[in-house]
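Visitor: Okay, handing you the structure first.
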Amino acid sequence: MSIPRREFLRIGGMALGGLGLADVLAGQSPRPLTHKGRGGTGAPDTAVIMLYCLGGASHLETYDIKPDGPEQMRSVFAPIPTRVPGMAICEHLPLHARIANKFTLIRSLTHKINIHNDGSIAVLTGKEPSVPDPTSTARSEHPDFGMIASRVRGPHRAALPQYVAAPYPFQMTRPTYLGSAHQAMASGDPSGPVYSVPQFSLRGQSVRDLENRRQLLQQLDALRTERARHEAHNTLDQFQQQAFEVLTSPAVARAFDIGREPTALRDRYGRNLWGQSCLLARRLAEAGTAVVSVILNVPQNGPEFTNWDDHPGNAMRPGHFGAYMTTRFPYYDQCVAALIEDIYTRGLDRKILIVIATEFGRTPRIRTGPPDNSIGRDHWPDAYSALISGGGLRMGQVIGATDARGAYVAETPVTPNDVLATIYRHLGIDPHHTFTDTTGRPIPILHDGTPIRQLS
């Protein structure tokens, strides 16, 4: 008698990683934790959008230009001034420059992990992997900040997912002891002519069909009165109801319906994966999703977009370091500037915090390497940059500085955990709260880190 029930739970795209939607919702059964908004005001409607430059974007060619360094070390691009006196950025980011009063640059991020997945795990979870994995295939032992937010916030009153990833979740982080319910929901690619979310697609099933299926289930359940007396069965019925609400929620349908946006605004973001993902992120954060991550990785136009891992031998054109970055930059500049302008125009700059991050920066020295004698910069976690916008924080400033070569932090070191502490404060989450891992040990959300005081 269980087959019809599970068939209901698995119609269309409702299966997530082998779990029915109601099973996923069952993983959210613990009550949401008590949390307060920024400044202890108790506002649970804040949101974070993280744009992640997967691969390790070069700080020396983006936000920490060093045009006067020694040969083979200086930035390959020229600086341009911005609206903020004294803040110069890469010449290929003119839209950034125009709105620099609406963001803050952190030029003094630092940690010690130079491996892609391991570095991303530290940046996203606040905890370093216990065993380094030089092959960059590591998976986290602890949940990332979006999974934490999903657990703390609990189910949304309008059935919106609390953690969405565009176009797909981070592959190096796992919800582990929080449960699979708190994995990010993949949005897919919202840039196509027709967009629907795979997980919420009924694939030919109308809402009326779904209602008929629910009524059939109710009739079948009535025949099993002896089982209905058991608490577990009653709980499953509750999650079936939640699954139905997610699939039929007008708020969910409306938030994901990117086609509601004006044509001019969609064009302003860019009609590509990066641009439309950022626009979808704004829609979801505005509607009530707690965390949206956007992986800026493969915009659609060829191998030069694979990621930001610009070292020798990694799809770099021989003799011209930075060639692929110049191809990436127009897409990047456009979507970032559009997103920041959009949240300020809509008065969402206190509700939504935007964080642009990467796992590490790039070596000061440019080198030539195998297999094709191409030119690039290697991994460098000792000093790199990030961008913060919104969240009701102080904008139009530069926090920290690196030395003349961009090699080491010279002023105001900031750790990834400090950035996470800032994110958690905005979300109203106590970073000292502990969860219990699978062995029964208490694990704090963060072992260390404090909100960046210069932003307050």
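The chains in the structure tokens are called A, B, ... from first to last as shown; in each chain the residues are counted from 1, and the ligands are counted from 1 in the order shown.
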Considering only C-alpha atoms, return as a list in words whatever protein or nucleic-acid residues lie within 8 Å of A:Phe256, sequence-local ones (same chain, fewer than 6 positions apart) excluded.
Guide: Ser196, Val197, Leu280, Arg283 and Leu284 of chain A
Visitor: Those residues you just picked out, can you put them in a file as a short mmCIF file (atom, residue, chain, number, x, y, z; two decimals), in the first residue's frame with C-alpha atoms?
Guide:
```cif
data_model
loop_
_atom_site.label_atom_id
_atom_site.label_comp_id
_atom_site.auth_asym_id
_atom_site.auth_seq_id
_atom_site.Cartn_x
_atom_site.Cartn_y
_atom_site.Cartn_z
CA SER A 196 10.82 26.35 -15.03
CA VAL A 197 12.43 25.06 -11.86
CA LEU A 280 16.50 35.46 -10.07
CA ARG A 283 13.60 38.01 -6.84
CA LEU A 284 14.04 35.13 -4.38
#
```
Visitor: Taking into account only C-alpha atoms, which residue in the set A:Ile352, A:Val398, A:Leu273, A:Ala410 is nearest to A:Leu427?
Guide: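 Answer, going by the shortest atom-to-atom distance: A:Ile352.
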Visitor: Tell me, as an NGL selection string, which residues lie within 7 Å of A:Arg367, counting only C-alpha atoms; anything in the same chain fewer than 2 positions away does not count.
Guide: :A and (365 or 369 or 375-377)
Visitor: So which residues touch stretch 55-57 of chain A within 12 Å, counting only C-alpha atoms, skipping near sequence neighbours fewer than 4 positions away, as a ChimeraX atom specification?
Guide: /A:51,61-64,113-120,123,136,295-298,305-311,314,322,324-325,328-329,332,356-363,376-381,383-386
Visitor: Find the distance between atom CA of A:His59 and atom CA of A:Asp144 and write it in Å to one decimal.
Guide: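 These two atoms are separated by 23.6 Å.
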Visitor: Under the rule that only C-alpha atoms are counted, which of A:Ala323, A:Cys335, A:Gln171, A:Gly390 is the nearest residue to A:Gly347?
Guide: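 Under the stated criterion, the closest residue is A:Gly390.
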